[in-house]
Amino acid sequence: MGKFYGELGDELSLHVRQQAWLNAVPRPEKRSITDKTEPKSRLRAMKDGGIVPALPPCSTPWIVEQLVEIGPVVAAGMGRAPIGWTDIAAWSAMTRTILPPWQARLLRRLSSDWLAESQAAEKPDAPPPWTEPDPDADRRTAISAKVGNAFRALLGSRGRRSS
C-alpha cells in the first residue's frame, strides 16, 4: 500500500485501539466471592462519572463505523478472533457496499488491532494507546527555555567577571 494508505491505516489503528481500550472491562486483581457488582468497561465507568472520553482525530470515521457494524471481532473456538474475509464479504453483500481491496485489507488489520488492544486492556493498569495533547505544553516549553536562557546568561556573565 502506498504512503497515503499507510498513514491512513496508522491513524485509524490508533483510533480503533483507543476505542478497544475504552470498551475493555479491566479484570480486577482480586475479587471477593460476595462482590456482586457487575464489572464495567472503562467507557461506562467514565460516562457514569460524567467524563466524556477523548478520541484521537479520525479523518475517515465511516471506516471505523463499518468495522463496528461488521463487528470488530468474532467469536472463535477459544475466545475471540479478528474478522475474516467471509465476515467482510457477508457484510458487504448484505449492505450492498462494494469495498475496494485496500479497504477490506484495512478492515482486517483494524480488527486485529482492536483484538490485540482489547486483550492488553484487560489489565487494570493498562495505559491508553492515546492521550489528549496538553494544550499548555508548548507554552511551558517556551517559558522553560526562556528561564534556562536567563540562567545561562546570568551564569555566563558571572564566569567572565571572575576571570
# chains A, B, ... in the order shown; residues from 1 in each chain; ligands from 1
call {"tool": "residues_around", "arguments": {"residues": "Pro72 of chain A", "least_positions_apart": "5", "cutoff": "7 Å", "atoms": "only C-alpha atoms", "output": "mmCIF file with N, CA and C atoms, in the first residue's frame"}}
result
data_model
loop_
_atom_site.group_PDB
_atom_site.id
_atom_site.type_symbol
_atom_site.label_atom_id
_atom_site.label_comp_id
_atom_site.auth_asym_id
_atom_site.auth_seq_id
_atom_site.Cartn_x
_atom_site.Cartn_y
_atom_site.Cartn_z
ATOM 1 N N LEU A 67 -16.273 -1.084 10.494
ATOM 2 C CA LEU A 67 -15.674 -2.117 11.331
ATOM 3 C C LEU A 67 -16.603 -2.474 12.489
ATOM 4 N N ILE A 83 -11.942 -10.347 12.499
ATOM 5 C CA ILE A 83 -12.891 -10.682 11.437
ATOM 6 C C ILE A 83 -12.138 -11.283 10.261
ATOM 7 N N SER A 111 -9.337 -4.840 12.722
ATOM 8 C CA SER A 111 -9.919 -5.847 13.592
ATOM 9 C C SER A 111 -8.835 -6.512 14.446
ATOM 10 N N TRP A 114 -7.819 -4.048 17.092
ATOM 11 C CA TRP A 114 -8.850 -3.970 18.135
ATOM 12 C C TRP A 114 -8.688 -5.139 19.104
#
call {"tool": "select_by_dssp", "arguments": {"residues": "chain A", "states": "strand (DSSP E)", "output": "PyMOL selection string"}}
result
chain A and resi 73-76+79-82
call {"tool": "write_last_selection", "arguments": {"atoms": "C-alpha atoms", "output": "mmCIF file, in the first residue's frame"}}
result
data_model
loop_
_atom_site.group_PDB
_atom_site.id
_atom_site.type_symbol
_atom_site.label_atom_id
_atom_site.label_comp_id
_atom_site.auth_asym_id
_atom_site.auth_seq_id
_atom_site.Cartn_x
_atom_site.Cartn_y
_atom_site.Cartn_z
ATOM 1 C CA VAL A 73 -14.040 -9.190 16.440
ATOM 2 C CA VAL A 74 -15.822 -12.534 16.083
ATOM 3 C CA ALA A 75 -16.320 -15.480 18.399
ATOM 4 C CA ALA A 76 -13.784 -18.239 17.880
ATOM 5 C CA GLY A 79 -12.288 -16.852 22.614
ATOM 6 C CA ARG A 80 -12.284 -14.067 20.086
ATOM 7 C CA ALA A 81 -10.614 -13.647 16.702
ATOM 8 C CA PRO A 82 -10.237 -10.871 14.127
#
call {"tool": "residues_around", "arguments": {"residues": "segment 95-110 of chain A", "least_positions_apart": "2", "cutoff": "10 Å", "atoms": "only C-alpha atoms", "output": "VMD selection string"}}
result
chain A and resid 1 5 to 6 8 to 10 12 to 17 63 to 64 66 to 68 70 72 to 73 82 to 85 87 to 93 112 to 116
call {"tool": "residues_around", "arguments": {"residues": "segment 23-25 of chain A", "least_positions_apart": "4", "cutoff": "9 Å", "atoms": "only C-alpha atoms", "output": "PDB file with C-alpha atoms, in the first residue's frame"}}
result
ATOM      1  CA  GLN A  18      -8.312   3.720  21.757  1.00  0.00           C
ATOM      2  CA  GLN A  19     -11.910   2.551  21.291  1.00  0.00           C
ATOM      3  CA  PRO A  39     -17.703  -5.140  36.107  1.00  0.00           C
ATOM      4  CA  LYS A  40     -17.820  -2.037  33.894  1.00  0.00           C
ATOM      5  CA  SER A  41     -15.930  -1.083  30.807  1.00  0.00           C
ATOM      6  CA  ARG A  42     -13.701   1.967  31.091  1.00  0.00           C
ATOM      7  CA  LEU A  43     -16.125   3.799  28.815  1.00  0.00           C
ATOM      8  CA  ARG A  44     -19.139   3.025  31.064  1.00  0.00           C
ATOM      9  CA  GLU A 117      -5.599  -3.836  22.320  1.00  0.00           C
ATOM     10  CA  SER A 118      -8.748  -5.165  23.980  1.00  0.00           C
ATOM     11  CA  GLN A 119      -6.816  -8.165  25.324  1.00  0.00           C
ATOM     12  CA  ALA A 120      -3.982  -5.975  26.625  1.00  0.00           C
ATOM     13  CA  ALA A 121      -6.503  -3.522  28.105  1.00  0.00           C
ATOM     14  CA  GLU A 122      -7.950  -6.159  30.407  1.00  0.00           C
ATOM     15  CA  LYS A 123      -5.073  -5.402  32.773  1.00  0.00           C
ATOM     16  CA  PRO A 124      -6.329  -2.742  35.211  1.00  0.00           C
TER      17      PRO A 124
END
call {"tool": "atom_distance", "arguments": {"atom1": "atom CA of Lys3 of chain A", "atom2": "atom CA of Pro135 of chain A"}}
result
29.0 Å
call {"tool": "atom_distance", "arguments": {"atom1": "atom CA of Val52 of chain A", "atom2": "atom CA of Leu22 of chain A"}}
result
11.2 Å
call {"tool": "closest_residue", "arguments": {"among": "A:Ala45, A:Ile143, A:Met78, A:Met94", "to": "Pro26 of chain A", "atoms": "only C-alpha atoms"}}
result
A:Ala45
call {"tool": "closest_residue", "arguments": {"among": "A:Arg27, A:Glu7, A:Thr34, A:Trp21", "to": "Ser59 of chain A", "atoms": "only C-alpha atoms"}}
result
A:Glu7
call {"tool": "closest_residue", "arguments": {"among": "A:Asp125, A:Asp138, A:Glu132, A:Glu11", "to": "Pro53 of chain A", "atoms": "only C-alpha atoms"}}
result
A:Glu132
